[in-house]
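Written below as structure tokens is the structure these notes are about.
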Amino acid sequence: MSGVPEACAGLVDDAAIFPPGDAPLPEAVAAYRQRREEWYAALVGPLVVTDTVLPDVPPDVPLAVVLTGGAGAVAGVATLARRKGHPLVALEAAVRDLDDLAGNVRRINAAVDAARDDGALADTQVYVELPQHDPTPDWLAAADAVAEAEHHLKFRTGGVEAHLFPAAATVAAWIDAALDRETSYKCTAGLHHAIRHRDHVTGFEHLGFLNVLLATRVAFDGGTQDEVAHVLDDHYANDLVAMARQSDLAGARRWFTSFGSCSISDPLDELVGLDLVEAPHG
């Protein structure tokens, strides 16, 4: 029987308008609507857009909105989404004040609380992106502030420059920090392939989304950070697929909620090729 298994449901957020895809918004919306009619529709989460283009998005599209203005943009997005009737699945805000990470998180939390007091964002998940470095005391204090508000973490795992691709040991430390706080997380950028690899054009070393999912399972099961990093570094598809077949990946999704990708076809094709998702025949 073909279909998307529980472990893959909502795994890929559609970030078509972001680099390197850079799809025009009308094309991204049309493609998203088409995917909702396909057999693999359950694989795809919300369409990811910035707050700057929110006024141009039709109201029937489930959205994750990336805030370009930080905490100060929360009220405007909440008001517009409520007025237009947007299904606002998630808000995603990056910490911008690097000298006061926890204080910045608390400002985001306060803005969300105020919007909820006004009757908005009741069913909206909030993701806070922390800086891309090894967890320092300040970084961990910011993660504490995210957890205290029962919000979620967001980890940037790639980009258009080499320095935006974190080392496996760093990602392992992020995962450990999230699980230690019983806080789920999503990833963004660089994960549209399943298995860790070096891009033959850019030379960038990409993590694989299957690596991250399996590493999350290992961390939850009590693995050390070194063991988690080892899984993140593994580039042997056969080993990872065999491990996936023996692991409770659906349980790992409680913590690793999704990743944003400018391509849906790449992760879908690889899941089918690895025989982790069965496509319909004929």
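Residue numbering restarts at 1 in every chain; chains get A, B, ... in the order shown in the structure tokens, and ligands count up from 1 in that same order.
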Counting only C-alpha atoms, what is within 7 Å of stretch 246-251 of chain A, bar same-chain residues fewer than 3 positions away, as a PDB file with N, CA, C and O atoms, in the first residue's frame?
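As a result, out_21.pdb now contains:
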```pdb
ATOM      1  N   GLU A   6       3.647   7.520   9.093  1.00  0.00           N
ATOM      2  CA  GLU A   6       3.524   8.482  10.193  1.00  0.00           C
ATOM      3  C   GLU A   6       4.829   9.219  10.452  1.00  0.00           C
ATOM      4  O   GLU A   6       4.823  10.421  10.762  1.00  0.00           O
ATOM      5  N   ALA A   7       5.945   8.517  10.324  1.00  0.00           N
ATOM      6  CA  ALA A   7       7.239   9.129  10.616  1.00  0.00           C
ATOM      7  C   ALA A   7       7.591  10.251   9.655  1.00  0.00           C
ATOM      8  O   ALA A   7       8.467  11.073   9.955  1.00  0.00           O
ATOM      9  N   LEU A 213      17.069  13.015  11.791  1.00  0.00           N
ATOM     10  CA  LEU A 213      15.975  12.274  12.420  1.00  0.00           C
ATOM     11  C   LEU A 213      16.513  11.110  13.244  1.00  0.00           C
ATOM     12  O   LEU A 213      16.088  10.887  14.389  1.00  0.00           O
ATOM     13  N   ARG A 217      16.643  10.440  17.447  1.00  0.00           N
ATOM     14  CA  ARG A 217      16.234   9.204  18.112  1.00  0.00           C
ATOM     15  C   ARG A 217      17.334   8.699  19.048  1.00  0.00           C
ATOM     16  O   ARG A 217      17.066   8.290  20.187  1.00  0.00           O
ATOM     17  N   ALA A 242      19.113   0.945   7.159  1.00  0.00           N
ATOM     18  CA  ALA A 242      18.968  -0.198   8.061  1.00  0.00           C
ATOM     19  C   ALA A 242      18.655   0.274   9.479  1.00  0.00           C
ATOM     20  O   ALA A 242      17.798  -0.302  10.173  1.00  0.00           O
ATOM     21  N   MET A 243      19.306   1.324   9.902  1.00  0.00           N
ATOM     22  CA  MET A 243      19.043   1.889  11.227  1.00  0.00           C
ATOM     23  C   MET A 243      17.622   2.445  11.303  1.00  0.00           C
ATOM     24  O   MET A 243      16.922   2.278  12.318  1.00  0.00           O
ATOM     25  N   ARG A 254       8.397  13.634  17.518  1.00  0.00           N
ATOM     26  CA  ARG A 254       7.900  14.449  18.640  1.00  0.00           C
ATOM     27  C   ARG A 254       8.858  15.586  18.919  1.00  0.00           C
ATOM     28  O   ARG A 254       8.457  16.656  19.392  1.00  0.00           O
TER      29      ARG A 254
END
```
### Message
as a ChimeraX atom specification, please: the residues near A:Ala168 (cut-off 10 Å, only C-alpha atoms, same-chain neighbours under 4 positions excluded).
### Response
/A:157,172-174,206-207,212,225-226,228-234
### Task
Have a look at A:Val241, A:Ala31, A:Leu25, A:Ala169 and name the one nearest to A:Glu270; count only C-alpha atoms.
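Smallest distance to A:Glu270 is found for A:Val241.
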#### Entry: Of the listed residues A:Leu276, A:Ala111, A:Ala189, A:Ala215, that which approaches A:Ser261 most closely, counting only C-alpha atoms
A:Ala189
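Distances here use only C-alpha atoms; by that measure, the residue among A:Ala9, A:Ala147, A:Val4, A:Val53 closest to A:Trp39 is A:Val4.
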### Task
Go through stretch 192-261 of chain A and collect every residue that DSSP, computed from the backbone, puts in helix (DSSP H, G or I); the answer should be as a PyMOL selection string.
chain A and resi 209-220+225-233+237-245+249-252
